[in-house]
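Visitor: Got a structure for you, questions after.
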Amino acid sequence: MTATLTAGRPQPTATSPLFSPFWLGRLRLPNRIVMPPLTRARADEHGVPSPLAARYYTQRAGAGLIIAEATAVSAQGTGYGNWPGLYTAAQEAGWRTVTDAVHAAGGRIFIQLFHAGRMSHPAFHDGERPVGPSPIAAGPATDHYDGAHPFTRPRALRAAELAGIAGQFAAAAGRALTAGFDGVEVHAGNGYLLDQFLRDGANQRDDEYGGNPRNRARLLREVTAAVISVCGSSRVGVRISPLSPTNGMADSDPAATFTQAARDLQALGAGYLHVIEPGVNGTLSGPASAQSPELASGFFRPMFSGAIIAAGGHTAQTGAGRIRHDQADLIAYGQLFIANPDLPARFRHGAPLARPQRATFYGGGAAGYTDYPALGQPPRVAGNTGQ
Ligand SMILES: Cc1cc2nc3c(=O)[nH]c(=O)nc-3n(C[C@H](O)[C@H](O)[C@H](O)COP(=O)(O)O)c2cc1C
């Protein structure tokens, strides 16, 4: 648990740069505080968002920007039970209720689009193997499907299939706009398909999609270009996690790989680059200031002129520092947003922060999802305030 979460009352931050407005393309964000994508695994068996999702996101509409959770672009891209999708009319209609509610509450909302690649399981594909850049499994650990089998060795996608992957992202982006999202985040981090192509621990292809960084970044380029052609560049961001080992990922030269990726995204005019910083693994980590600055948000400033979002272990103070030092424009707060639906208000007033409960991160209903109280509301479920 971080010091911030356990310490007494944080300092009020009303004068913090976190509370200066920011223009993301033509979208005015009233503050710099981003709710990053957070998988909560509460969609139905058809990937339709839970009826509770509209309430959950609306409770967090005070964020400068919400980026909704990782959402599959296709049936092929699914990989986990109860994660949402955006490739059927029912899923699109489900998301529409979310965007309508968030907008009615004065918020702004993007959606993160992803393809699981090798992280999927044959159970999701009528017994067929999941796909990836190369036939390399995510690792010897047991998979997430039943916890009883090692990860599946994926089938290597043929080069001729890759235009279809870009097409899946573009189609889902079109549905995202129809469903009322303000924009789309392409997920190129955390060991999913686009990250698998980027990093040479998972990509050992010898065609034009493998080998040097430029070739490994080709699929991300093609996917991002396809999504931009649908949404327009200012409504498209990309998330990367350059040093994260999540999902068995590794790279022999991350600085070279991600410099290439960032330069490509710059050339495409992508609206933002969202950087999961080193030392962060989706867990409550130490303060970002204690981590290595290598490949953190500031590394990308000289090569990317769009907005930069920094994510990973940030507090109100470290986030403000990133902005003051011109290393990022926007700061994402993951676990803090799970437990504090009114996080910007709490930062502003220096109010105590509630602790997230891990047991209710994934799956289930309202408990640990929509029942974390805002300031001044009584706790609905004993134990969720953490104070
Ligand atoms: C429950 C949970 C679900 C997450 N789901 C996603 C996701 O869908 N997509 C993604 O890019 N990152 C995901 N992350 C990572 C977060 O967006 C964030 O980068 C991470 O939690 C570090 O930030 P924090 O220290 O502020 O929580 C998830 C993290 C948690 C704890």
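Chain labels run A, B, ... following the order of the structure tokens; each chain numbers its residues from 1, and ligands are numbered from 1 in the order shown.
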May I have the residues within 8 Å of segment 306-308 of chain A as a compact mmCIF listing (two decimals) with C-alpha atoms, in the first residue's frame, using only C-alpha atoms and disregarding those fewer than 4 positions away in the same chain?
Guide:
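Saved file around-v3.txt follows:
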# COMPACT_ATOMS: atom_id res chain seq x y z
CA LEU A 24 -7.24 17.42 -26.29
CA GLN A 266 4.07 11.40 -34.26
CA GLY A 269 -0.45 12.80 -35.83
CA ALA A 270 -1.96 10.69 -33.05
CA GLY A 271 -3.71 12.82 -30.44
CA TYR A 272 -1.99 11.37 -27.39
CA LEU A 273 0.56 8.88 -26.17
CA HIS A 274 -0.37 7.14 -22.92
CA VAL A 275 2.69 5.76 -21.15
CA SER A 297 6.58 9.91 -19.84
CA ARG A 301 8.43 14.47 -25.01
CA GLN A 327 7.08 15.60 -18.68
CA ALA A 328 3.36 14.96 -19.18
CA ASP A 329 0.13 16.84 -19.87
CA LEU A 330 -2.30 14.49 -18.18
Visitor: Extract the full set of strand (DSSP E or B) residues from segment 38-128 of chain A according to DSSP on the backbone, and format it as JSON, numbers by chain.
Guide: {"A": [65, 66, 67, 68, 69, 70, 71, 72, 85, 109, 110, 111, 112, 113, 114]}
Visitor: Write out as a list in words each polymer residue whose atoms come within 9 Å of Ala250 of chain A, counting only C-alpha atoms; drop sequence neighbours fewer than 5 positions from it.
Guide: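 Here the qualifying residues turn out to be Arg199, Asp200, Gly201, Ala202, Leu243, Ser244 and Pro245 of chain A.
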Visitor: Choose the residue, out of A:Ala261, A:Ala345, A:Ile240, A:Ala75, that has the smallest atom-to-atom separation from Ser120 of chain A; count only C-alpha atoms.
Guide: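 Closest to Ser120 of chain A of all the choices is A:Ala75.
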Visitor: Return the single residue from A:Ala141, A:Cys231, A:Ala156, A:Met303 that is closest to Gly117 of chain A, with distances computed using only C-alpha atoms.
Guide: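 Closest candidate: A:Ala156.
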